[in-house]
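J.: Input structure-v9.txt, format and content: compact mmCIF, C-alpha atoms.
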```txt
# COMPACT_ATOMS: atom_id res chain seq x y z
CA MET A 531 19.47 -10.45 97.23
CA THR A 532 17.90 -7.12 96.26
CA THR A 533 18.07 -7.91 92.55
CA ALA A 534 16.55 -11.36 93.02
CA LEU A 535 13.71 -9.88 95.08
CA VAL A 536 12.99 -7.24 92.42
CA GLN A 537 12.96 -9.92 89.72
CA ARG A 538 10.34 -11.87 91.67
CA LEU A 539 8.24 -8.76 92.27
CA MET A 540 8.41 -7.85 88.58
CA GLN A 541 6.59 -11.09 87.82
CA ILE A 542 3.45 -9.49 89.29
CA PRO A 543 1.98 -7.63 86.25
CA ALA A 544 0.31 -4.73 88.09
CA LEU A 545 3.36 -4.12 90.25
CA ALA A 546 5.68 -4.34 87.23
CA ARG A 547 3.63 -1.75 85.33
CA ALA A 548 3.58 0.64 88.29
CA ALA A 549 7.31 0.26 88.92
CA ARG A 550 8.20 0.87 85.27
CA ALA A 551 5.93 3.92 85.07
CA ALA A 552 7.52 5.44 88.18
CA SER A 553 11.01 4.59 86.93
CA ASN A 554 10.30 6.13 83.54
CA TRP A 555 8.99 9.30 85.15
CA VAL A 556 12.18 9.99 87.14
CA ASP A 557 14.38 8.87 84.22
CA PHE A 558 14.05 11.80 81.81
CA GLU A 559 15.95 10.03 79.04
CA LYS A 560 13.63 7.04 79.01
CA SER A 561 10.45 9.09 79.31
CA TRP A 562 11.47 11.44 76.49
CA ILE A 563 12.53 8.57 74.20
CA LEU A 564 9.15 6.93 74.73
CA GLU A 565 7.31 10.22 74.14
CA THR A 566 9.11 11.09 70.90
CA LEU A 567 8.95 7.54 69.53
CA SER A 568 5.22 7.41 70.29
CA LYS A 569 4.74 10.51 68.13
CA VAL A 570 6.45 9.04 65.06
CA ALA A 571 5.58 5.34 65.41
CA PRO A 572 2.30 5.71 63.44
CA GLN A 573 4.40 6.65 60.39
CA ALA A 574 6.02 3.19 60.35
CA ARG A 575 4.75 0.62 57.86
CA GLY A 576 5.53 -2.67 56.13
CA ARG A 577 8.71 -4.51 57.11
CA LEU A 578 10.62 -2.81 59.91
CA LEU A 579 14.30 -3.29 60.77
CA ASP A 580 15.59 -2.32 64.23
CA VAL A 581 19.36 -1.76 63.98
CA GLY A 582 21.06 -2.24 67.34
CA CYS A 583 17.84 -3.62 68.78
CA GLY A 584 19.19 -5.03 72.06
CA ASP A 585 16.27 -6.83 73.69
CA LYS A 586 13.76 -4.86 71.57
CA PRO A 587 12.47 -2.49 74.29
CA TYR A 588 10.53 -0.36 71.78
CA GLU A 589 8.94 -3.11 69.71
CA PHE A 590 5.58 -2.63 71.44
CA LEU A 591 5.36 0.95 70.09
CA PHE A 592 5.78 -0.08 66.45
CA ARG A 593 4.10 -3.49 66.29
CA PRO A 594 0.58 -2.08 65.69
CA TYR A 595 1.75 -0.31 62.52
CA VAL A 596 4.06 -2.80 60.77
CA ASP A 597 3.73 -6.24 59.20
CA GLU A 598 7.09 -7.57 60.41
CA TYR A 599 9.60 -6.46 63.08
CA VAL A 600 13.19 -7.64 62.58
CA GLY A 601 16.00 -6.89 65.04
CA VAL A 602 19.72 -7.01 64.23
CA GLU A 603 22.77 -6.54 66.46
CA ASN A 604 26.54 -6.25 66.18
CA VAL A 605 27.59 -9.63 67.54
CA ALA A 606 30.87 -8.44 69.09
CA THR A 607 29.40 -5.66 71.21
CA PHE A 608 26.02 -7.28 71.95
CA GLU A 609 27.57 -10.27 73.68
CA LEU A 610 29.12 -7.93 76.27
CA THR A 611 25.78 -6.40 77.32
CA HIS A 612 23.23 -7.39 79.94
CA ALA A 613 20.61 -7.65 77.18
CA ALA A 614 22.41 -10.72 75.82
CA SER A 615 21.30 -12.66 78.92
CA ARG A 616 17.58 -12.01 78.33
CA ALA A 617 15.10 -14.16 76.44
CA ALA A 618 14.21 -11.39 73.98
CA GLY A 619 16.94 -10.36 71.60
CA PRO A 620 17.96 -9.87 67.99
CA ASP A 621 16.67 -12.05 65.20
CA LEU A 622 20.06 -11.80 63.51
CA THR A 623 23.57 -10.68 64.36
CA TYR A 624 26.26 -9.34 62.03
CA ASP A 625 29.90 -8.29 62.07
CA GLY A 626 29.28 -4.53 62.31
CA ASN A 627 30.12 -3.88 58.66
CA ARG A 628 27.49 -4.83 56.05
CA LEU A 629 23.94 -5.41 57.24
CA PRO A 630 22.91 -8.98 56.28
CA PHE A 631 20.06 -7.92 53.98
CA GLU A 632 19.57 -7.20 50.29
CA ASP A 633 19.09 -3.66 48.96
CA LYS A 634 15.67 -2.03 49.46
CA THR A 635 14.17 -4.78 51.64
CA PHE A 636 12.67 -2.71 54.50
CA ASP A 637 9.97 -0.03 54.43
CA THR A 638 11.00 1.31 57.85
CA VAL A 639 14.37 1.29 59.61
CA ILE A 640 14.84 2.44 63.20
CA SER A 641 18.00 2.85 65.26
CA ILE A 642 17.56 4.07 68.82
CA GLN A 643 20.58 5.43 70.72
CA VAL A 644 23.04 3.43 68.62
CA LEU A 645 24.95 5.91 66.43
CA GLU A 646 27.04 7.21 69.35
CA HIS A 647 28.36 3.67 69.86
CA THR A 648 29.71 3.03 66.37
CA PRO A 649 33.15 4.39 65.47
CA ARG A 650 32.00 4.79 61.82
CA PRO A 651 28.50 6.33 61.99
CA ALA A 652 28.44 7.45 58.35
CA GLU A 653 28.97 3.86 57.20
CA LEU A 654 26.10 2.65 59.38
CA ILE A 655 23.77 5.32 58.00
CA ALA A 656 24.83 4.33 54.49
CA GLU A 657 23.90 0.72 55.26
CA MET A 658 20.52 1.70 56.70
CA ALA A 659 19.83 3.81 53.62
CA ARG A 660 20.84 0.90 51.39
CA VAL A 661 18.28 -1.50 52.86
CA LEU A 662 15.45 1.08 52.80
CA THR A 663 12.88 0.90 50.02
CA ASP A 664 12.25 3.95 47.86
CA ASP A 665 10.40 6.50 50.00
CA GLY A 666 11.18 4.33 53.03
CA LEU A 667 11.30 5.90 56.50
CA LEU A 668 14.40 6.08 58.69
CA ILE A 669 13.92 6.89 62.40
CA LEU A 670 17.05 7.77 64.38
CA SER A 671 17.36 8.71 68.04
CA VAL A 672 20.71 10.23 69.06
CA PRO A 673 22.16 11.91 72.18
CA PHE A 674 23.28 15.52 72.52
CA SER A 675 23.86 16.29 76.24
CA TYR A 676 24.34 12.92 77.87
CA ARG A 677 26.70 11.17 80.27
CA LEU A 678 29.37 8.68 79.24
CA HIS A 679 27.83 5.23 79.00
CA GLU A 680 28.51 1.77 77.61
CA GLU A 681 32.20 2.54 77.82
CA PRO A 682 34.56 2.21 76.05
CA HIS A 683 32.17 2.12 73.06
CA ASP A 684 30.86 5.68 73.45
CA TYR A 685 32.22 7.90 70.66
CA TYR A 686 29.95 10.76 69.54
CA ARG A 687 27.21 13.29 70.31
CA TYR A 688 25.02 14.81 67.56
CA THR A 689 23.33 18.08 66.57
CA PRO A 690 20.40 18.34 64.12
CA HIS A 691 22.79 19.92 61.62
CA ALA A 692 25.11 16.90 61.82
CA MET A 693 22.17 14.56 61.25
CA ARG A 694 20.99 16.49 58.18
CA GLU A 695 24.50 16.41 56.75
CA LEU A 696 25.01 12.69 57.42
CA CYS A 697 21.60 11.71 56.07
CA GLY A 698 21.98 13.92 53.01
CA ARG A 699 25.17 12.12 51.99
CA PHE A 700 23.19 8.94 51.33
CA GLY A 701 20.04 10.21 49.64
CA LEU A 702 18.01 10.70 52.81
CA SER A 703 15.93 13.84 53.31
CA VAL A 704 15.30 14.83 56.95
CA GLN A 705 11.58 15.37 57.54
CA GLU A 706 11.33 16.11 61.25
CA VAL A 707 13.58 16.76 64.27
CA LEU A 708 12.19 16.40 67.80
CA ALA A 709 14.22 17.55 70.82
CA ARG A 710 14.13 15.54 74.04
CA GLY A 711 13.50 18.25 76.63
CA GLY A 712 15.41 21.44 77.41
CA LEU A 713 18.06 22.73 79.81
CA PHE A 714 16.24 21.75 83.00
CA THR A 715 15.53 18.28 81.63
CA VAL A 716 19.26 17.88 81.10
CA MET A 717 20.04 19.11 84.61
CA GLY A 718 17.32 16.96 86.16
CA HIS A 719 18.50 13.89 84.32
CA GLN A 720 22.08 14.41 85.47
CA ILE A 721 21.01 14.81 89.10
CA ASN A 722 18.67 11.82 89.10
CA THR A 723 21.23 9.62 87.36
CA PHE A 724 23.80 10.55 90.00
CA LEU A 725 21.35 9.83 92.83
CA ALA A 726 20.17 6.52 91.37
CA TYR A 727 23.44 5.03 90.21
CA HIS A 728 26.16 6.67 92.31
CA VAL A 729 24.39 7.27 95.62
CA ALA A 730 21.84 4.41 95.78
CA ASN A 731 23.74 2.05 93.44
CA LEU A 732 20.55 0.94 91.69
CA GLU A 733 22.06 -0.32 88.43
CA GLY A 734 21.34 -3.96 89.28
CA VAL A 735 17.78 -3.11 90.31
CA ALA A 736 17.30 -1.19 87.06
CA GLN A 737 18.55 -4.14 85.00
CA SER A 738 16.23 -6.52 86.83
CA MET A 739 13.39 -4.22 85.70
CA GLY A 740 14.48 -4.50 82.07
CA ARG A 741 16.51 -1.29 81.91
CA LEU A 742 20.17 -0.55 81.02
CA GLY A 743 20.16 -3.49 78.63
CA HIS A 744 23.10 -2.22 76.59
CA GLU A 745 25.31 -1.78 79.67
CA GLY A 746 27.40 -4.61 81.06
CA ALA A 747 25.97 -6.59 83.97
CA ALA A 748 25.92 -4.42 87.12
CA ASN A 749 28.04 -5.35 90.12
CA GLY A 750 27.26 -4.70 93.77
CA GLY A 751 24.00 -4.44 95.63
CA ALA A 752 21.73 -1.45 96.16
CA ARG A 753 22.35 0.83 99.14
CA LEU A 754 18.89 0.43 100.60
CA TRP A 755 19.58 2.78 103.50
CA THR A 756 19.80 5.71 101.04
CA LEU A 757 16.34 5.17 99.54
CA PRO A 758 14.31 7.23 102.08
CA LEU A 759 16.34 10.24 100.95
CA VAL A 760 17.03 9.37 97.31
CA VAL A 761 13.49 8.44 96.20
CA PRO A 762 11.77 11.69 97.38
CA ALA A 763 14.68 13.75 96.04
CA MET A 764 14.38 12.17 92.59
CA ALA A 765 10.62 12.75 92.58
CA TRP A 766 11.03 16.44 93.44
CA VAL A 767 13.76 16.83 90.81
CA GLY A 768 11.45 15.21 88.26
CA LEU A 769 8.63 17.60 89.07
CA GLY A 770 10.78 20.72 89.31
CA ALA A 771 12.64 20.12 86.06
CA ARG A 772 9.43 19.55 84.12
CA VAL A 773 7.86 22.75 85.47
CA LEU A 774 10.96 24.86 84.81
CA ASP A 775 11.34 23.46 81.30
CA ARG A 776 7.85 24.69 80.51
CA VAL A 777 8.23 28.22 81.88
CA LEU A 778 11.93 28.81 81.09
CA HIS A 779 12.47 26.64 78.04
CA ASP A 780 15.95 26.73 76.50
CA PRO A 781 15.92 25.08 73.05
CA THR A 782 19.72 25.15 72.71
CA ASP A 783 20.31 22.38 75.25
CA THR A 784 18.57 19.00 75.28
CA LEU A 785 19.24 15.35 76.04
CA GLY A 786 19.11 14.49 72.36
CA PHE A 787 17.08 14.41 69.18
CA LEU A 788 14.78 12.11 67.29
CA VAL A 789 15.15 12.45 63.53
CA THR A 790 12.94 11.08 60.76
CA ALA A 791 14.19 10.96 57.18
CA ARG A 792 12.89 9.64 53.86
CA ARG A 793 14.86 7.94 51.15
CA ASN A 794 14.68 10.11 48.04
```
What does the file become when written as structure tokens?
T.:
Amino acid sequence: MTTALVQRLMQIPALARAARAASNWVDFEKSWILETLSKVAPQARGRLLDVGCGDKPYEFLFRPYVDEYVGVENVATFELTHAASRAAGPDLTYDGNRLPFEDKTFDTVISIQVLEHTPRPAELIAEMARVLTDDGLLILSVPFSYRLHEEPHDYYRYTPHAMRELCGRFGLSVQEVLARGGLFTVMGHQINTFLAYHVANLEGVAQSMGRLGHEGAANGGARLWTLPLVVPAMAWVGLGARVLDRVLHDPTDTLGFLVTARRN
């Protein structure tokens, strides 16, 4: 009932925009991914390939800068996700081994929060490098301090040093590394995730708003009686963590990194 009501409300454009903005603000992971991608999106050009695209939640950031936006997914894992039930989705699927494209066919390749879900990340980077044109741009977003998710297909966490080493193997030179927040961002995200998904049981509500696309379909309804406590608590955590991250920034802990690399 709650999920169906949210889906109807999300059909009202102004309400949908306000709800997503508020949700993004208390979800540090989402807000930081959007912020870092917005910074690098103007570097994209030509034909763009989104590897592990899901329902293409970041297409709107890159569309103004590219001529074509192509999404591809691993067919075996994609069919198990909530995103598979949505109208938007990949243009092509593949078997998780060789990307179904010729060498040097894309000017830009992006892969957002995907590398932790492949058991052979080096092979995937090799494939992305293969389909990049000379001097093409690779944009990767990876987790560092982050909860288990999309289980059992959750294998790795990454440092900037690991990304430089992996990219360097396949003729890719790392240009920029952007961290997603600091210690208090990590702590705030953990607290708000616990409140939202374990106390209030809002996974189904989140999926009806277009979030958690790569997770399986959520079961169980929201605990509405918790919201008068949970919603203000999440807002205060969001504010407090952002303030503390500014005045007591710790660069050694972060939710993850966004990496840009060029093909040599």
J.: From (28.6, 9.3, 81.7), in the file's coordinates, out to 12 Å: which residues are reached, counting all atoms listed in the file? Answer as a ChimeraX atom specification.
T.: /A:673,675-685,719-721,723-724,727-728,745
J.: Taking into account only C-alpha atoms, which residue in the set A:His647, A:Val672, A:Ile642, A:Ala736 is nearest to Val707 of chain A?
T.: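 Closest to Val707 of chain A, using only C-alpha atoms: A:Val672.
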J.: So, with only C-alpha atoms as the atoms that count, which of A:Val639, A:Leu713, A:Met764, A:Val605 lies closest to Thr663 of chain A?
T.: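 For Thr663 of chain A, the nearest of the candidates is A:Val639.
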J.: Could you tell me which of A:Asp621, A:Glu646, A:Glu706, A:Asp637 comes closest to Val596 of chain A if we count all atoms listed in the file?
T.: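 Among the listed residues, A:Asp637 lies closest to Val596 of chain A.
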J.: Which residues are near Gly711 of chain A? Cut-off 9 Å, all atoms listed in the file, ignore same chain within fewer than 4 positions. Put them as a PyMOL selection string.
T.: chain A and resi 558-559+562+715-716+772+775+779-781+783-786
J.: Would you mind exporting C-alpha atoms of the selected residues as a compact mmCIF listing (two decimals), in the frame of the given file?
T.:
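Done, and the output landed in selection.txt:
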```txt
# COMPACT_ATOMS: atom_id res chain seq x y z
CA PHE A 558 14.05 11.80 81.81
CA GLU A 559 15.95 10.03 79.04
CA TRP A 562 11.47 11.44 76.49
CA THR A 715 15.53 18.28 81.63
CA VAL A 716 19.26 17.88 81.10
CA ARG A 772 9.43 19.55 84.12
CA ASP A 775 11.34 23.46 81.30
CA HIS A 779 12.47 26.64 78.04
CA ASP A 780 15.95 26.73 76.50
CA PRO A 781 15.92 25.08 73.05
CA ASP A 783 20.31 22.38 75.25
CA THR A 784 18.57 19.00 75.28
CA LEU A 785 19.24 15.35 76.04
CA GLY A 786 19.11 14.49 72.36
```
J.: Using only C-alpha atoms, which residues sit within 9 Å of segment 576-581 of chain A once same-chain residues fewer than 5 positions away are excluded, as number ranges by chain?
T.: A: 586, 589, 592, 595-604, 620, 629, 635-642, 644, 658
J.: What is the distance, in Å and to one decimal place, between atom CA of Ala551 of chain A and atom CA of Pro762 of chain A?
T.: 15.7 Å
J.: Hey, what's within 9 Å of Leu645 of chain A if we count all atoms listed in the file and toss same-chain stuff fewer than 4 positions away? As a list in words, please?
T.: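 Here the answer would be Ser641, Pro649, Arg650, Pro651, Ala652, Leu654, Ile655, Leu670, Ser671, Val672, Pro673, Tyr685, Tyr686, Arg687 and Tyr688 of chain A.
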J.: Need to verify the contact set: Pro690 of chain A, 8 Å, all atoms listed in the file, exclusion of same-chain residues closer than 3 positions in sequence. Can you return it as a PDB file with C-alpha atoms, keeping the file's coordinate frame?
T.:
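Saved the output as out10.pdb:
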```pdb
ATOM      1  CA  MET A 693      22.170  14.560  61.250  1.00  0.00           C
ATOM      2  CA  ARG A 694      20.990  16.490  58.180  1.00  0.00           C
ATOM      3  CA  VAL A 707      13.580  16.760  64.270  1.00  0.00           C
ATOM      4  CA  PHE A 787      17.080  14.410  69.180  1.00  0.00           C
ATOM      5  CA  VAL A 789      15.150  12.450  63.530  1.00  0.00           C
TER       6      VAL A 789
END
```
J.: Go through A:Ala571, A:Leu708, A:Leu732, A:Leu696 and flag the residue nearest Leu757 of chain A, using all atoms listed in the file for the distances.
T.: A:Leu732
J.: Calculate how many Å separate atom CA of Thr623 of chain A from atom CA of Asp585 of chain A, rounding to one decimal.
T.: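 Taking atom CA of Thr623 of chain A and atom CA of Asp585 of chain A, their separation equals 12.5 Å.
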J.: Distance atom CA of Lys634 of chain A-atom CA of Asp664 of chain A, one decimal place?
T.: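 Distance reported for this atom pair: 7.1 Å.
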